[in-house]
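Novice: Structure: query17.cif, mmCIF, C-alpha atoms and all ligand atoms.
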```cif
data_protein
loop_
_atom_site.label_atom_id
_atom_site.label_comp_id
_atom_site.auth_asym_id
_atom_site.auth_seq_id
_atom_site.Cartn_x
_atom_site.Cartn_y
_atom_site.Cartn_z
CA MET M 1 -72.57 -48.79 17.63
CA GLY M 2 -71.09 -47.92 14.20
CA VAL M 3 -70.60 -44.18 14.58
CA ALA M 4 -68.74 -44.50 17.90
CA GLU M 5 -66.36 -47.06 16.39
CA ASP M 6 -65.77 -44.86 13.36
CA LEU M 7 -64.99 -42.00 15.68
CA SER M 8 -62.52 -44.02 17.69
CA SER M 9 -60.65 -45.23 14.63
CA LEU M 10 -60.67 -41.65 13.30
CA ARG M 11 -59.11 -40.61 16.64
CA ASP M 12 -56.39 -43.26 16.39
CA GLU M 13 -55.65 -42.29 12.81
CA ALA M 14 -55.52 -38.59 13.72
CA LEU M 15 -53.20 -39.14 16.71
CA ASP M 16 -50.88 -41.25 14.52
CA SER M 17 -50.76 -38.52 11.92
CA VAL M 18 -49.99 -35.89 14.58
CA ALA M 19 -47.18 -38.01 15.97
CA SER M 20 -45.63 -38.59 12.58
CA ALA M 21 -45.86 -34.96 11.36
CA ASN M 22 -42.21 -34.00 10.97
CA ASP M 23 -42.50 -30.25 10.69
CA LEU M 24 -44.92 -27.44 11.36
CA THR M 25 -46.30 -27.42 7.81
CA ALA M 26 -47.10 -31.15 7.92
CA LEU M 27 -48.72 -30.68 11.36
CA GLU M 28 -50.90 -27.86 10.05
CA ALA M 29 -52.00 -30.12 7.18
CA VAL M 30 -53.03 -32.80 9.73
CA ARG M 31 -55.00 -30.22 11.70
CA VAL M 32 -56.85 -29.07 8.60
CA ALA M 33 -57.57 -32.66 7.53
CA PHE M 34 -59.24 -33.55 10.82
CA LEU M 35 -60.37 -30.33 12.45
CA GLY M 36 -60.63 -27.90 9.54
CA LYS M 37 -63.99 -26.66 8.18
CA ARG M 38 -64.17 -29.65 5.92
CA GLY M 39 -62.12 -31.93 8.19
CA SER M 40 -63.26 -35.51 8.94
CA LEU M 41 -64.11 -34.87 12.60
CA THR M 42 -65.92 -31.68 11.78
CA SER M 43 -68.14 -33.52 9.32
CA VAL M 44 -69.00 -36.11 11.97
CA LEU M 45 -70.09 -33.28 14.28
CA ARG M 46 -72.07 -31.71 11.47
CA GLY M 47 -73.81 -35.00 10.80
CA LEU M 48 -75.10 -35.37 14.37
CA GLY M 49 -78.52 -34.19 13.28
CA ALA M 50 -78.96 -37.28 11.20
CA LEU M 51 -78.56 -39.60 14.23
CA ALA M 52 -81.30 -41.03 16.35
CA PRO M 53 -82.14 -38.44 19.04
CA GLN M 54 -81.08 -40.70 21.92
CA ASP M 55 -77.62 -41.23 20.32
CA ARG M 56 -76.89 -37.60 19.72
CA PRO M 57 -75.68 -36.54 23.22
CA VAL M 58 -73.43 -39.61 23.59
CA ILE M 59 -71.87 -39.28 20.15
CA GLY M 60 -71.70 -35.51 20.45
CA GLN M 61 -69.85 -35.76 23.77
CA LEU M 62 -67.47 -38.39 22.37
CA ALA M 63 -66.74 -36.30 19.25
CA ASN M 64 -66.06 -33.21 21.41
CA GLN M 65 -63.72 -35.20 23.67
CA ILE M 66 -61.85 -36.45 20.67
CA ARG M 67 -61.64 -32.93 19.26
CA GLU M 68 -60.21 -31.59 22.53
CA GLU M 69 -57.79 -34.49 22.78
CA LEU M 70 -56.69 -33.86 19.19
CA GLU M 71 -56.28 -30.13 19.75
CA LYS M 72 -54.10 -30.81 22.79
CA ALA M 73 -52.03 -33.40 20.90
CA ILE M 74 -51.52 -30.92 18.04
CA ALA M 75 -50.52 -28.12 20.45
CA THR M 76 -48.05 -30.39 22.22
CA ARG M 77 -46.59 -31.58 18.93
CA ARG M 78 -46.35 -27.98 17.72
CA ASP M 79 -44.31 -27.01 20.80
CA GLU M 80 -42.10 -30.03 20.28
CA LEU M 81 -41.48 -29.23 16.61
CA ALA M 82 -40.88 -25.55 17.35
CA SER M 83 -38.27 -26.27 19.98
CA GLN M 84 -36.66 -28.86 17.71
CA ALA M 85 -36.48 -26.25 14.94
CA LEU M 86 -35.00 -23.71 17.34
CA ALA M 87 -32.43 -26.20 18.58
CA ALA M 88 -31.44 -27.06 15.00
CA ARG M 89 -31.07 -23.40 14.13
CA LEU M 90 -28.99 -22.65 17.22
CA GLN M 91 -26.81 -25.60 16.36
CA ALA M 92 -26.38 -24.45 12.75
CA GLU M 93 -25.64 -20.86 13.68
CA SER M 94 -23.45 -21.56 16.66
CA VAL M 95 -20.03 -19.88 16.86
CA ASP M 96 -17.10 -21.82 18.18
CA VAL M 97 -15.39 -19.18 20.28
CA THR M 98 -12.45 -21.50 20.87
CA LEU M 99 -11.48 -21.53 17.16
CA PRO M 100 -8.24 -19.60 16.53
CA GLY M 101 -8.87 -16.26 14.78
CA ARG M 102 -8.10 -15.75 11.09
CA LYS M 103 -4.70 -14.15 10.72
CA ARG M 104 -4.56 -10.91 8.76
CA SER M 105 -1.21 -9.79 7.50
CA PRO M 106 -1.07 -6.01 7.77
CA GLY M 107 0.64 -4.13 4.94
CA LYS M 108 3.81 -2.20 5.62
CA GLN M 109 5.94 0.43 4.02
CA HIS M 110 8.28 -0.64 1.24
CA LEU M 111 11.97 -0.42 2.14
CA ILE M 112 12.55 2.41 -0.35
CA HIS M 113 9.81 4.49 1.26
CA GLN M 114 11.19 3.73 4.71
CA ILE M 115 14.60 5.01 3.65
CA VAL M 116 13.16 8.12 1.98
CA ASP M 117 11.17 8.89 5.14
CA GLU M 118 14.16 8.29 7.36
CA ILE M 119 16.43 10.59 5.33
CA THR M 120 13.67 13.20 5.03
CA ALA M 121 13.27 13.18 8.82
CA VAL M 122 17.00 13.88 9.30
CA PHE M 123 16.83 17.00 7.10
CA VAL M 124 13.46 18.18 8.38
CA GLY M 125 15.15 18.02 11.77
CA LEU M 126 17.70 20.53 10.41
CA GLY M 127 14.90 22.87 9.29
CA TYR M 128 14.61 21.84 5.63
CA CYS M 129 11.28 21.84 3.75
CA VAL M 130 10.26 19.08 1.33
CA ALA M 131 9.79 20.16 -2.31
CA GLU M 132 8.64 18.23 -5.36
CA GLY M 133 8.79 18.67 -9.12
CA PRO M 134 7.49 16.92 -12.25
CA GLU M 135 8.85 13.55 -13.37
CA VAL M 136 8.03 14.54 -16.97
CA GLU M 137 10.34 17.51 -17.31
CA LEU M 138 11.55 20.05 -19.83
CA GLU M 139 15.03 19.66 -21.26
CA TYR M 140 15.67 23.20 -20.06
CA TYR M 141 15.30 22.33 -16.37
CA ASN M 142 16.93 18.92 -16.59
CA PHE M 143 20.06 20.09 -18.45
CA THR M 144 20.33 23.67 -19.74
CA ALA M 145 19.59 25.61 -16.56
CA LEU M 146 21.82 23.16 -14.70
CA ASN M 147 24.76 24.36 -16.79
CA HIS M 148 25.09 21.28 -19.02
CA PRO M 149 26.83 22.29 -22.25
CA PRO M 150 24.91 21.45 -25.47
CA GLU M 151 27.23 18.54 -26.25
CA HIS M 152 26.99 16.95 -22.80
CA PRO M 153 26.67 13.15 -23.26
CA ALA M 154 23.79 12.78 -20.77
CA ARG M 155 21.60 14.73 -23.22
CA ALA M 156 21.86 11.96 -25.79
CA ALA M 157 18.75 9.99 -26.62
CA THR M 158 20.72 6.86 -25.81
CA ASP M 159 20.95 7.91 -22.15
CA THR M 160 17.71 9.81 -21.60
CA PHE M 161 14.06 8.97 -22.32
CA TYR M 162 12.63 11.69 -24.56
CA VAL M 163 8.88 11.94 -25.12
CA ARG M 164 9.39 12.83 -28.79
CA ASP M 165 10.67 9.96 -30.94
CA LEU M 166 14.27 10.82 -31.84
CA SER M 167 15.34 7.31 -32.77
CA ASP M 168 15.63 7.47 -36.56
CA GLU M 169 16.39 11.16 -36.93
CA ALA M 170 20.17 11.07 -36.55
CA SER M 171 20.56 14.81 -37.04
CA ASN M 172 17.60 15.69 -34.88
CA VAL M 173 19.20 16.62 -31.56
CA PRO M 174 16.98 17.37 -28.57
CA GLY M 175 16.38 21.06 -27.88
CA GLU M 176 15.45 23.13 -24.85
CA CYS M 177 11.72 22.67 -25.36
CA ASP M 178 11.95 18.91 -25.61
CA VAL M 179 10.10 16.93 -22.98
CA LEU M 180 11.86 14.09 -21.21
CA LEU M 181 11.66 11.86 -18.16
CA ARG M 182 13.93 13.61 -15.70
CA THR M 183 17.25 11.87 -15.23
CA HIS M 184 17.80 13.35 -11.76
CA THR M 185 15.99 15.42 -9.13
CA SER M 186 18.37 18.36 -9.68
CA PRO M 187 15.91 20.22 -12.03
CA VAL M 188 13.76 20.81 -8.95
CA GLN M 189 16.64 22.98 -7.62
CA VAL M 190 16.02 25.35 -10.54
CA ARG M 191 12.23 25.26 -10.11
CA VAL M 192 12.51 26.04 -6.39
CA MET M 193 14.97 28.92 -6.96
CA GLU M 194 12.70 30.35 -9.69
CA ARG M 195 9.76 30.67 -7.33
CA GLN M 196 11.41 31.26 -3.97
CA ALA M 197 13.94 33.84 -2.79
CA PRO M 198 16.71 32.78 -0.38
CA PRO M 199 17.03 31.61 2.32
CA ILE M 200 16.29 28.20 0.77
CA TYR M 201 16.62 24.90 2.63
CA VAL M 202 14.86 22.14 0.70
CA LEU M 203 14.95 18.38 0.35
CA VAL M 204 13.55 16.84 -2.85
CA PRO M 205 12.74 13.13 -2.96
CA GLY M 206 11.45 11.74 -6.25
CA LYS M 207 11.59 9.20 -9.07
CA VAL M 208 14.12 9.55 -11.90
CA TYR M 209 14.60 7.66 -15.17
CA ARG M 210 17.61 6.62 -17.23
CA ARG M 211 18.06 4.44 -20.29
CA ASP M 212 19.93 1.81 -18.32
CA VAL M 213 19.41 -1.93 -18.34
CA ALA M 214 18.66 -3.20 -14.84
CA ASP M 215 21.64 -4.96 -13.26
CA PRO M 216 22.89 -5.34 -9.67
CA SER M 217 23.86 -1.66 -9.46
CA HIS M 218 21.52 0.05 -12.00
CA LEU M 219 17.78 0.49 -12.35
CA PRO M 220 16.09 2.32 -15.26
CA ARG M 221 13.78 3.98 -12.74
CA PHE M 222 14.98 4.78 -9.27
CA THR M 223 14.59 7.23 -6.41
CA GLN M 224 16.78 10.22 -5.74
CA ILE M 225 16.93 12.59 -2.83
CA GLU M 226 18.23 16.04 -3.66
CA GLY M 227 19.18 18.75 -1.21
CA LEU M 228 19.60 22.48 -1.84
CA VAL M 229 20.65 25.26 0.49
CA VAL M 230 20.98 28.90 -0.60
CA ASP M 231 21.64 31.59 1.96
CA GLU M 232 24.11 34.32 2.84
CA GLY M 233 27.54 33.06 3.88
CA ILE M 234 27.08 29.36 3.05
CA THR M 235 30.47 27.63 2.79
CA PHE M 236 31.87 24.27 1.83
CA GLY M 237 32.33 23.69 5.58
CA ASP M 238 28.54 23.90 6.01
CA LEU M 239 28.10 21.29 3.29
CA LYS M 240 30.63 18.95 4.87
CA GLY M 241 29.18 19.32 8.37
CA THR M 242 25.67 18.73 7.08
CA LEU M 243 26.64 15.56 5.21
CA GLU M 244 28.64 14.21 8.17
CA HIS M 245 25.57 14.65 10.34
CA PHE M 246 23.41 12.91 7.72
CA VAL M 247 25.78 9.92 7.39
CA ARG M 248 25.98 9.42 11.16
CA GLU M 249 22.21 9.61 11.55
CA VAL M 250 21.52 7.08 8.80
CA PHE M 251 24.51 4.72 9.04
CA GLY M 252 25.53 5.07 12.71
CA SER M 253 27.96 7.20 14.69
CA THR M 254 31.01 4.99 14.10
CA ARG M 255 31.08 5.58 10.34
CA ARG M 256 33.59 8.04 8.87
CA VAL M 257 32.99 10.38 5.94
CA ARG M 258 35.38 11.26 3.12
CA LEU M 259 34.99 13.83 0.34
CA ARG M 260 36.72 13.26 -2.99
CA PRO M 261 36.98 15.98 -5.67
CA HIS M 262 34.64 15.31 -8.57
CA PHE M 263 32.88 17.14 -11.38
CA PHE M 264 29.23 18.03 -11.84
CA PRO M 265 28.12 20.73 -14.32
CA PHE M 266 25.90 22.50 -11.77
CA THR M 267 28.28 22.65 -8.79
CA GLU M 268 31.76 24.12 -8.42
CA PRO M 269 33.69 22.80 -6.63
CA SER M 270 32.07 19.37 -6.61
CA ALA M 271 32.74 16.26 -4.57
CA GLU M 272 31.70 12.70 -4.14
CA VAL M 273 31.07 11.54 -0.60
CA ASP M 274 32.20 8.15 0.68
CA VAL M 275 31.28 6.47 3.93
CA SER M 276 33.66 4.03 5.63
CA CYS M 277 32.72 0.41 4.99
CA GLY M 278 30.47 -0.92 7.75
CA ILE M 279 31.85 -4.44 7.40
CA CYS M 280 35.63 -3.90 7.59
CA GLY M 281 35.57 -0.45 9.21
CA GLY M 282 37.77 0.98 6.44
CA GLU M 283 40.40 -1.77 6.27
CA GLY M 284 39.23 -3.00 2.90
CA CYS M 285 37.20 -6.16 2.39
CA ARG M 286 35.24 -8.01 -0.29
CA SER M 287 32.08 -6.02 0.29
CA CYS M 288 33.78 -2.65 -0.39
CA GLY M 289 35.96 -4.03 -3.15
CA GLY M 290 39.05 -3.69 -0.97
CA GLU M 291 38.62 0.09 -0.84
CA GLY M 292 37.42 0.51 2.72
CA TRP M 293 35.03 3.18 1.45
CA LEU M 294 31.60 3.21 -0.23
CA GLU M 295 30.31 6.04 -2.40
CA VAL M 296 27.00 7.46 -1.13
CA LEU M 297 26.34 10.76 -2.90
CA GLY M 298 27.42 13.67 -5.08
CA CYS M 299 27.54 17.27 -3.89
CA GLY M 300 29.08 20.68 -4.34
CA MET M 301 28.70 24.45 -4.13
CA VAL M 302 26.00 25.80 -6.46
CA ASP M 303 27.68 27.06 -9.65
CA PRO M 304 27.19 30.83 -10.18
CA ASN M 305 26.04 30.00 -13.74
CA VAL M 306 23.02 28.19 -12.24
CA PHE M 307 22.25 31.25 -10.10
CA SER M 308 22.31 33.38 -13.24
CA TYR M 309 19.50 31.28 -14.82
CA VAL M 310 17.22 31.98 -11.83
CA GLY M 311 18.27 35.55 -11.08
CA ILE M 312 19.90 34.96 -7.70
CA ASP M 313 22.78 37.37 -6.96
CA PRO M 314 25.97 35.27 -6.55
CA GLU M 315 27.70 38.19 -4.88
CA ARG M 316 25.22 38.13 -2.03
CA TYR M 317 24.24 34.46 -1.83
CA SER M 318 26.04 31.16 -1.97
CA GLY M 319 24.70 27.64 -1.66
CA PHE M 320 25.35 23.95 -1.70
CA ALA M 321 23.55 20.99 -3.21
CA PHE M 322 23.72 17.25 -2.95
CA GLY M 323 22.02 14.27 -4.54
CA MET M 324 21.83 10.58 -3.64
CA GLY M 325 20.10 7.40 -4.76
CA ALA M 326 17.69 6.06 -2.14
CA GLU M 327 17.99 2.47 -3.43
CA ARG M 328 21.75 2.66 -3.14
CA ILE M 329 21.57 4.04 0.40
CA ALA M 330 19.17 1.23 1.36
CA ALA M 331 21.47 -1.35 -0.23
CA LEU M 332 24.52 0.03 1.61
CA LYS M 333 22.70 0.25 4.92
CA TYR M 334 21.28 -3.28 4.82
CA GLY M 335 23.84 -5.10 2.68
CA VAL M 336 21.46 -5.76 -0.23
CA PRO M 337 23.63 -7.28 -2.97
CA ASP M 338 21.39 -6.45 -5.97
CA LEU M 339 19.25 -3.31 -6.47
CA ARG M 340 16.76 -5.31 -8.53
CA LEU M 341 15.60 -7.02 -5.33
CA LEU M 342 14.17 -3.65 -4.29
CA VAL M 343 11.77 -3.42 -7.22
CA GLU M 344 10.81 -7.02 -7.90
CA GLY M 345 8.18 -7.23 -5.16
CA ASP M 346 9.24 -10.57 -3.70
CA MET M 347 7.51 -10.55 -0.32
CA ARG M 348 10.02 -12.97 1.21
CA PHE M 349 12.71 -10.35 0.65
CA LEU M 350 10.63 -7.24 1.48
CA ARG M 351 9.15 -8.59 4.71
CA GLN M 352 12.61 -8.57 6.31
CA PHE M 353 12.60 -4.78 6.59
N1 LIG Y 401 22.27 14.94 -10.11
C1 LIG Y 401 23.43 14.14 -9.83
C2 LIG Y 401 23.22 12.75 -10.44
O1 LIG Y 401 22.13 12.39 -10.71
C3 LIG Y 401 23.65 13.99 -8.35
C4 LIG Y 401 24.09 15.28 -7.76
C5 LIG Y 401 25.42 15.61 -7.70
C6 LIG Y 401 23.16 16.16 -7.26
C7 LIG Y 401 25.86 16.78 -7.16
C8 LIG Y 401 23.59 17.37 -6.72
C9 LIG Y 401 24.96 17.66 -6.67
O2 LIG Y 401 22.73 18.25 -6.22
O3 LIG Y 401 25.36 18.83 -6.11
O4 LIG Y 401 24.18 12.05 -10.61
#
```
Re-express the file's structure as structure tokens.
Ligand code: DAH
Specialist:
Amino acid sequence: MGVAEDLSSLRDEALDSVASANDLTALEAVRVAFLGKRGSLTSVLRGLGALAPQDRPVIGQLANQIREELEKAIATRRDELASQALAARLQAESVDVTLPGRKRSPGKQHLIHQIVDEITAVFVGLGYCVAEGPEVELEYYNFTALNHPPEHPARAATDTFYVRDLSDEASNVPGECDVLLRTHTSPVQVRVMERQAPPIYVLVPGKVYRRDVADPSHLPRFTQIEGLVVDEGITFGDLKGTLEHFVREVFGSTRRVRLRPHFFPFTEPSAEVDVSCGICGGEGCRSCGGEGWLEVLGCGMVDPNVFSYVGIDPERYSGFAFGMGAERIAALKYGVPDLRLLVEGDMRFLRQF
């Protein structure tokens, strides 16, 4: 019987195709080819009417069996393919929880900022407030109101960065209204005294600029920390006690402090402060140049001329001031041999602190 044989080879062909369909799309194509509206098995079923009446039930039953068998085979294959696809996806997206984590290196504060914060904390602990002023400053605040005479060498354009170009105008000397990059944080003393009546206890950290070539002990841009106290009855003894406390807090309680007479235009009397060498304890060694002492800051009693610029009565009030370089303090504290290391950004150096 021809039709029955055709049907059985169609069945074999269809089952082969189902078995070899490698993904769900291919399987769907097989289903459409055999069981779809215009599929081969469907057309056999449609053509039943053309058969001899006695053959119809037999062929019809056979075709239906085959269709059911095919539908089952397709469903089974679909489940197989779906679970294969799921397994592949789980495999691809799996996370190996035993892998070591990726290391992140957290940022940290630069040594200069650490030192500034440390020094600030010492003075805040004594009741000081933190004040700031502009890095681009008027000549008046940087020099004149700090009692620098007109011919003072620091005013020269060879030492100070002026905003106006003074280079080829030999006779053109900077005047009070000239704008410059401040050479120290001391102008903030004047700005604070202009806007605030005593008692004044302020600490002023900030960047300063000088026309210096960078070398082991100079930087053209560095950080200063200025202090100013103005109150009734302030004496040189208060200044000395304050600085001794500061040195012990920052360098350790075994270090000694020495004041040497010095000159600054804005303080009278003035002194430079030395701390005993941490390496030889004051005996003299290579690191302190045989001196036994290291210079840490400048200080003095506020000059009455400075008070006169800001209208503070020198008969009623007295004050002291001091100024230090944060890079220098950091270098002395940690034995850094070259200040340039502090600004070059070499992580191997900076990570040590
Ligand atoms: N301004 C000085 C400098 O840059 C440092 C200084 C010395 C500041 C004495 C002061 C002071 O307040 O009293 O070299």
Novice: Need the shell around M:Ile115: protein/DNA/RNA residues with any atom at most 12 Å away, counting only C-alpha atoms. Skip same-chain ones fewer than 5 positions apart. Format as a PyMOL selection string?
Specialist: chain M and resi 109-110+120-122+205+223-225+249-251+324-334+342+353
Novice: Using all atoms listed in the file, which protein or nucleic acid residues come within 12 Å of M:Gly311? Drop anything in the same chain fewer than 2 positions from it, and give the result as a ChimeraX atom specification.
Specialist: /M:145,190-191,193-198,304-309,313-317
Novice: Axis-aligned box over every listed atom of ligand LIG 401 (chain Y), padded by 4 Å per side: centre and edges in Å to one decimal, as lines of an AutoDock Vina configuration file?
Specialist:
```
center_x = 24.0
center_y = 15.4
center_z = -8.4
size_x = 11.7
size_y = 14.8
size_z = 12.6
```
Novice: Which residue out of M:Ile66, M:Asp165, M:Pro337, M:Glu244 has the minimum interatomic distance to M:Asp6 when all atoms listed in the file are used?
Specialist: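 Checking each candidate against M:Asp6, we get M:Ile66 as the closest.
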Novice: Neighbours of ligand LIG 401 (chain Y) within 10 Å, counting only C-alpha atoms and all ligand atoms, as number ranges by chain?
Specialist: M: 142, 146, 182-189, 204, 208-210, 224-229, 262-273, 297-303, 319-325
Novice: Near stretch 343-346 of chain M, counting only C-alpha atoms, which residues have an atom at most 10 Å away, once you skip same-chain residues fewer than 5 positions from it, shown as a PyMOL selection string?
Specialist: chain M and resi 110-112+219+221-222+327+351
Novice: Looking at M:Pro100, M:His113, M:Leu45, M:Leu27, which one is nearest to M:Thr76, with distances taken over all atoms listed in the file?
Specialist: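 Of M:Pro100, M:His113, M:Leu45, M:Leu27, the one nearest M:Thr76 is M:Leu27, counting all atoms listed in the file.
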Novice: Nearest to M:Leu35: which of M:Ala14, M:Val173, M:Leu51, M:Ala21 is it, counting only C-alpha atoms?
Specialist: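 Counting only C-alpha atoms, the residue closest to M:Leu35 is M:Ala14.
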Novice: Using only C-alpha atoms, pick whichever of M:Gly206, M:Val130, M:Arg211, M:Val230 has the shortest atom-to-atom distance to M:Arg155.
Specialist: M:Arg211
Novice: Could you name the residues that touch M:Ser8 at 12 Å or less, counting all atoms listed in the file, but leaving out those on the same chain fewer than 2 positions away, as a list in words?
Specialist: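 Using all atoms listed in the file, the neighbours found are Met1, Gly2, Val3, Ala4, Glu5, Asp6, Leu10, Arg11, Asp12, Glu13, Ala14, Leu15, Leu41, Val44, Ile59, Leu62, Ala63, Asn64, Gln65, Ile66, Arg67, Glu69 and Leu70 of chain M.
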Novice: Interatomic distance between atom CA of M:Glu283 and atom CA of M:Arg340?
Specialist: 28.1 Å
Novice: Give me, please, the distance in Å between atom CA of M:Ala131 and atom CA of M:Lys240, quoted to one decimal.
Specialist: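 Distance between the two atoms: 22.1 Å.
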Novice: If you count all atoms listed in the file, which residues fall within 12 Å of M:His245, apart from same-chain ones fewer than 5 positions away, as a list in words?
Specialist: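 What passes the distance filter is Ile119, Val122, Phe123, Gly125, Leu126, Asp238, Leu239, Lys240, Val250, Phe251, Gly252, Ser253, Thr254, Arg255, Arg256, Val257 and Val275 of chain M.
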Novice: Taking into account all atoms listed in the file, which residue in the set M:Ile200, M:Val179, M:Ala87, M:Ala26 is nearest to M:Ala157?
Specialist: M:Val179
Novice: What is the atom CA of M:Phe349 to atom CA of M:Val296 distance in Å?
Specialist: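 Taking atom CA of M:Phe349 as the start and atom CA of M:Val296 as the end point, the length is 22.9 Å.
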